[in-house]
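Below is one structure, written out as structure tokens, with a few remarks after it.
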Amino acid sequence: MCGIVGYVGTTGGAAAVDVVLDGLSSLEYRGYDSAGLAVPTPSLAVHKAQGELAALEGIVPRGDLAGSLTGIGHTRWSTHGAPSDVNAHPHTDEAGRVAVVHNGIIENYQRLRDDLAEAGVVFRSETDTEVVPHLIRRYLDRGVSPEAAFRRAIDQLEGSYAIAAVFEGSETVYAARQDSPLVVGFGETGTYLASDVPAFIEHTDRVCYLENGDVVRLTADGAVVTDSAGNPVDRPTETVAWDPEDAEKSGYDHYMLKEIHEQPTALRQCLRGRIDDLEGTVTLEDINGLDHDGPVQFVACGTSYHAALFGAERLRRNGMAAQAFLASEYTTDRIPVDAETLVVGVTQSGETADTLRALREAARTGATTLAVTNTVGSSAARECDHALYIRAGPEIGVAATKTFASQQLTLALLAAKLVDSSNRTALEALRDIPGQVQTVLDTSDARAVAEEFVDADGFFFIGRGYHYPVALEGALKMKEITYRHAEGFAAGELKHGPLALVTEDTPVFAVVTGDGEGARKTIGNVAEVAAREAPIVAVTDGGSDVTRYTDYVLEIPTTDDFTGSVLAATQLQLVSYWLANRLGRSIDKPRNLAKCVTVE
Ligand code: M6R
């Protein structure tokens with residue numbers, strides 16, 4: 001899960017070095033342990049540096065490279081070989097005739113490497129990628145054209161890849177895709193290639209998504225896409241509806257904070273045109289053709305898995321059989337799935353390898369598959385039978401925030417569509433969510449609460465029903481951006497073990513809304529925590545007397561449990577953000593993580 005950028009400009013167009021570095025800065029969410037670029041004209045120049053993109057920017061001789069209109073670049077999240085200058089991409093052959101960048105994993109690289117080493121090739125890096133330029137060079141030495149050499153090398157690879165290459169002295173970029181995303185952009189003054197649209201959205205919104213097996217030749221005038229056998233294939237050109245400003249920080253210190261504050265807008269976009277107030281019904285045009293009343297299985301990872309837990313709970317409460325599975329644990333060998341089952345992949349990026357594998361496995365059994373995703377043209381969207389978009393807009397911060405809220409809301413809409421019940425009250429409640437999230441953002445005391453816990457080194461989050469996934473999500477946000485230990489539990493589980501960890505030094509966040517049975521039981525669990533003298537933060541709408549046990553309160557508007565869970569999630573995002581900010585963490589790019597996880 002790395003980021004790739006490629007560019008070929010027309011005469012008078014922008015310098016490749018500038019386009020590539022700008023593009024990489026939009027893709028750092030995909031990996032940021034090292035970066036590099038190559039320009040092939042007049043002679044092949046390669047620059048790379050360990051660390052975030054700023055390290056590369058510091059060493060690239062922009063002036064020397066200003067004349068070159070062709071280039072490729074890469075931002076890396078290590079799989080084979082530690083982050084280092086030498087393992088950073090691009091990789092070249094020994095003679096420096098070709099430079100290659102790669103996203104994914106070449107599964108048969110060891111065998112290829114052994115063969116090449118036996119033939120005398122001396123490898124410089126520990127990466128799987130380095131076999132590719134050496135293979136290409138082998139074919140060049142036999143006198144075949146760069147394009148043919150590129151194709152023959154690609155033919156030998158097994159695994160997942162998006163690969164781009166430039167050849168010394170040539171104003172052409174070649175690229176190929178297998179299970180890792182690549183999109184081509186067509187601009188007025190050049191042709192672009194990237195792992196994701198934000199890399200070139202400031203230059204063009206006209207794009208073409210490559211499919212598995214595609215090989216593309218980019219020149220200043222456009223792109224020619226062929227299949228692996230070299231036959232031309234027709235990939236439609238689409239216009240993406242992203243505003244370049246959406247992918248910038250707009251005055252916020254971090255993308256994460258910006259994206260938390262964008263939630264009301266994202267949620268309004270998510271709802272737009274989907275609820276018919278008069279009829280009290282939901283229309284989801286994306287999935288008009290989907291009609292299903294059998295069992296539903298959700299597959300997802302991380303934050304998306306927490307959203308999937310909501311989806312399953314919402315469907316069960318509407319009388320449908322539904323379960324959520326961690327995609328990495330999902331296997332049709334053990335989990336009963338057949339043609340009557342709808343398998344829903346919840347994935348912001350649409351490119352998460354674990355989720356794609358689970359969906360593909362489910363599809364093989366004959367199940368109907370549905371992608372609930374933010375990314376038009378993503379692998380999940382294209383491979384599933386149906387795709388439902390959450391419409392959150394681009395999310396750059398590695399920590400998922402607005403996409404989580406949009407997933408929750410989209411899954412509530414999906415549940416309403418599948419059970420086909422007109423329920424005006426429930427739909428009106430959904431319609432109110434964006435405004436209520438705005439109220440939370442305007443009134444939150446999360447920053448002050450975070451300030452109280454600067455020295456705490458362990459956090460617990462508890463909740464019941466819809467609030468259980470919020471507890472899991474609150475803990476995930478806390479650990480990923482503050483690097484402090486945090487765990488989320490179903491409130492009733494605390495006494496079955498985790499309570500042993502609760503002390504006066506472990507803050508406990510309890511999500512409690514309303515005054516129903518669930519709230520009453522959770523308050524009992526809060527009392528158990530209070531008896532161990534842990535500092536307690538209630539995230540509550542004031543519907544109960546939970547605050548008599550708690551030291552701090554994060555208020556949310558009074559509403560139903562489902563909406564309460566969306567609002568509570570916003571409060572917990574803010575607590576984690578402000579604590580991470582206070583601790584000086586790398587909030588948008590937490591250590592060891594990447595936005596899009598394209599390896600299993
Ligand atoms: O793109 P996806 O939604 O499939 O990503 C799944 C997880 O990697 C992701 O939700 C991750 O847990 C979050 N970025 C953490 O904030």
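How things are named: the first chain in the structure tokens is A, the next is B, and so on; residues count from 1 in each chain; ligands count from 1 in the order shown.
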
### Task
Quick one: everything within 12 Å of A:Gln110, counting only C-alpha atoms, minus sequence neighbours fewer than 2 positions away in the same chain. Send it as number ranges by chain.
A: 80, 105-108, 112-117, 123, 126-132, 157-158

Please, could you write that set of residues out with N, CA, C and O atoms as an mmCIF file, in the first residue's frame?
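Contents of the output file selection_12.cif:
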```
data_model
loop_
_atom_site.group_PDB
_atom_site.id
_atom_site.type_symbol
_atom_site.label_atom_id
_atom_site.label_comp_id
_atom_site.auth_asym_id
_atom_site.auth_seq_id
_atom_site.Cartn_x
_atom_site.Cartn_y
_atom_site.Cartn_z
ATOM 1 N N HIS A 80 8.638 -5.489 2.096
ATOM 2 C CA HIS A 80 9.884 -6.258 2.056
ATOM 3 C C HIS A 80 11.047 -5.282 2.248
ATOM 4 O O HIS A 80 11.323 -4.481 1.376
ATOM 5 N N ILE A 105 2.539 -6.647 -3.585
ATOM 6 C CA ILE A 105 3.531 -7.645 -3.193
ATOM 7 C C ILE A 105 3.735 -8.621 -4.351
ATOM 8 O O ILE A 105 2.764 -9.182 -4.874
ATOM 9 N N ILE A 106 4.995 -8.807 -4.757
ATOM 10 C CA ILE A 106 5.310 -9.786 -5.807
ATOM 11 C C ILE A 106 5.591 -11.107 -5.094
ATOM 12 O O ILE A 106 6.637 -11.269 -4.444
ATOM 13 N N GLU A 107 4.636 -12.027 -5.189
ATOM 14 C CA GLU A 107 4.731 -13.226 -4.358
ATOM 15 C C GLU A 107 5.841 -14.176 -4.798
ATOM 16 O O GLU A 107 6.382 -14.903 -3.981
ATOM 17 N N ASN A 108 6.164 -14.175 -6.090
ATOM 18 C CA ASN A 108 7.210 -15.102 -6.559
ATOM 19 C C ASN A 108 8.554 -14.399 -6.694
ATOM 20 O O ASN A 108 9.416 -14.829 -7.454
ATOM 21 N N LEU A 112 12.373 -15.357 -8.651
ATOM 22 C CA LEU A 112 12.894 -14.483 -9.717
ATOM 23 C C LEU A 112 14.246 -13.908 -9.311
ATOM 24 O O LEU A 112 15.187 -13.826 -10.104
ATOM 25 N N ARG A 113 14.348 -13.536 -8.053
ATOM 26 C CA ARG A 113 15.583 -12.941 -7.555
ATOM 27 C C ARG A 113 16.737 -13.956 -7.628
ATOM 28 O O ARG A 113 17.847 -13.633 -8.059
ATOM 29 N N ASP A 114 16.426 -15.202 -7.220
ATOM 30 C CA ASP A 114 17.460 -16.234 -7.264
ATOM 31 C C ASP A 114 17.943 -16.453 -8.701
ATOM 32 O O ASP A 114 19.148 -16.545 -8.960
ATOM 33 N N ASP A 115 16.973 -16.510 -9.636
ATOM 34 C CA ASP A 115 17.344 -16.711 -11.053
ATOM 35 C C ASP A 115 18.227 -15.575 -11.556
ATOM 36 O O ASP A 115 19.238 -15.792 -12.229
ATOM 37 N N LEU A 116 17.809 -14.362 -11.219
ATOM 38 C CA LEU A 116 18.563 -13.194 -11.701
ATOM 39 C C LEU A 116 19.953 -13.162 -11.062
ATOM 40 O O LEU A 116 20.953 -12.872 -11.737
ATOM 41 N N ALA A 117 20.000 -13.483 -9.770
ATOM 42 C CA ALA A 117 21.299 -13.465 -9.075
ATOM 43 C C ALA A 117 22.228 -14.503 -9.695
ATOM 44 O O ALA A 117 23.424 -14.259 -9.897
ATOM 45 N N PHE A 123 21.937 -7.418 -6.534
ATOM 46 C CA PHE A 123 20.808 -6.654 -5.975
ATOM 47 C C PHE A 123 21.316 -5.663 -4.941
ATOM 48 O O PHE A 123 22.235 -5.956 -4.174
ATOM 49 N N GLU A 126 16.527 -4.821 -0.444
ATOM 50 C CA GLU A 126 15.892 -6.052 0.056
ATOM 51 C C GLU A 126 14.463 -6.186 -0.485
ATOM 52 O O GLU A 126 13.697 -7.014 -0.025
ATOM 53 N N THR A 127 14.080 -5.350 -1.425
ATOM 54 C CA THR A 127 12.682 -5.309 -1.841
ATOM 55 C C THR A 127 12.336 -6.399 -2.843
ATOM 56 O O THR A 127 13.212 -6.888 -3.581
ATOM 57 N N ASP A 128 11.037 -6.721 -2.887
ATOM 58 C CA ASP A 128 10.545 -7.598 -3.947
ATOM 59 C C ASP A 128 10.561 -6.861 -5.285
ATOM 60 O O ASP A 128 10.797 -7.431 -6.343
ATOM 61 N N THR A 129 10.376 -5.547 -5.229
ATOM 62 C CA THR A 129 10.239 -4.730 -6.446
ATOM 63 C C THR A 129 11.473 -4.767 -7.339
ATOM 64 O O THR A 129 11.366 -4.705 -8.567
ATOM 65 N N GLU A 130 12.640 -4.870 -6.723
ATOM 66 C CA GLU A 130 13.867 -4.694 -7.517
ATOM 67 C C GLU A 130 14.017 -5.742 -8.610
ATOM 68 O O GLU A 130 14.733 -5.519 -9.591
ATOM 69 N N VAL A 131 13.300 -6.867 -8.476
ATOM 70 C CA VAL A 131 13.415 -7.853 -9.567
ATOM 71 C C VAL A 131 12.886 -7.277 -10.883
ATOM 72 O O VAL A 131 13.328 -7.672 -11.969
ATOM 73 N N VAL A 132 11.941 -6.335 -10.785
ATOM 74 C CA VAL A 132 11.266 -5.877 -12.010
ATOM 75 C C VAL A 132 12.220 -5.127 -12.955
ATOM 76 O O VAL A 132 12.317 -5.491 -14.144
ATOM 77 N N LEU A 157 5.287 -11.918 -13.277
ATOM 78 C CA LEU A 157 5.025 -11.607 -11.866
ATOM 79 C C LEU A 157 3.763 -12.297 -11.388
ATOM 80 O O LEU A 157 2.760 -12.355 -12.089
ATOM 81 N N GLU A 158 3.836 -12.789 -10.140
ATOM 82 C CA GLU A 158 2.638 -13.316 -9.468
ATOM 83 C C GLU A 158 2.419 -12.453 -8.241
ATOM 84 O O GLU A 158 3.378 -12.047 -7.586
#
```

### Polymer residues at most 10 Å from stretch 217-231 of chain A, only C-alpha atoms, same-chain spacing of 2 or more positions, as number ranges by chain
A: 6-11, 13, 69-70, 147-148, 151-152, 154-155, 164-165, 170-177, 184-193, 208, 210-215, 233-235

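From atom CA of A:Tyr109 back to atom CA of A:Val121, the distance works out to 14.0 Å.
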
### Message
Show me which residues line ligand 1, defined as having an atom within 7 Å of a ligand atom where only C-alpha atoms and all ligand atoms count, and present them as a ChimeraX atom specification.
### Response
/A:300-304,346-352,355,398-400,476-477,595-597

Contacts between stretch 316-324 of chain A and stretch 408-497 of chain A, please, where a residue of stretch 408-497 of chain A counts if it comes within 12 Å (with only C-alpha atoms); show its shortest atom pair and distance in Å to one decimal, rows by chain and ascending number, as JSON lines.
```
{"residue": "A:Ala412", "atom": "CA", "partner": "A:Asn318", "partner_atom": "CA", "distance": 10.3}
{"residue": "A:Leu413", "atom": "CA", "partner": "A:Asn318", "partner_atom": "CA", "distance": 11.9}
{"residue": "A:Leu414", "atom": "CA", "partner": "A:Asn318", "partner_atom": "CA", "distance": 11.3}
{"residue": "A:Ala415", "atom": "CA", "partner": "A:Asn318", "partner_atom": "CA", "distance": 7.5}
{"residue": "A:Ala416", "atom": "CA", "partner": "A:Asn318", "partner_atom": "CA", "distance": 8.2}
{"residue": "A:Lys417", "atom": "CA", "partner": "A:Asn318", "partner_atom": "CA", "distance": 10.8}
{"residue": "A:Leu418", "atom": "CA", "partner": "A:Met320", "partner_atom": "CA", "distance": 8.8}
{"residue": "A:Val419", "atom": "CA", "partner": "A:Asn318", "partner_atom": "CA", "distance": 6.7}
{"residue": "A:Asp420", "atom": "CA", "partner": "A:Asn318", "partner_atom": "CA", "distance": 9.8}
{"residue": "A:Ser421", "atom": "CA", "partner": "A:Asn318", "partner_atom": "CA", "distance": 8.8}
{"residue": "A:Ser422", "atom": "CA", "partner": "A:Asn318", "partner_atom": "CA", "distance": 11.6}
{"residue": "A:Asn423", "atom": "CA", "partner": "A:Asn318", "partner_atom": "CA", "distance": 11.0}
{"residue": "A:Ala426", "atom": "CA", "partner": "A:Asn318", "partner_atom": "CA", "distance": 11.3}
{"residue": "A:Gly465", "atom": "CA", "partner": "A:Arg317", "partner_atom": "CA", "distance": 10.4}
{"residue": "A:Tyr466", "atom": "CA", "partner": "A:Arg317", "partner_atom": "CA", "distance": 10.6}
{"residue": "A:Pro469", "atom": "CA", "partner": "A:Ala324", "partner_atom": "CA", "distance": 11.2}
```

### Query
Looking only at the backbone, which of the residues in stretch 406-475 of chain A does DSSP tag as strand (DSSP E or B), as a PyMOL selection string?
chain A and resi 458-463

Could you please take those selected residues and save C-alpha atoms as an mmCIF file, in the first residue's frame?
```
data_model
loop_
_atom_site.group_PDB
_atom_site.id
_atom_site.type_symbol
_atom_site.label_atom_id
_atom_site.label_comp_id
_atom_site.auth_asym_id
_atom_site.auth_seq_id
_atom_site.Cartn_x
_atom_site.Cartn_y
_atom_site.Cartn_z
ATOM 1 C CA GLY A 458 -4.344 3.272 29.602
ATOM 2 C CA PHE A 459 -7.930 3.997 28.556
ATOM 3 C CA PHE A 460 -11.098 1.920 28.522
ATOM 4 C CA PHE A 461 -14.255 2.518 26.548
ATOM 5 C CA ILE A 462 -17.551 0.768 27.283
ATOM 6 C CA GLY A 463 -20.985 0.684 25.679
#
```
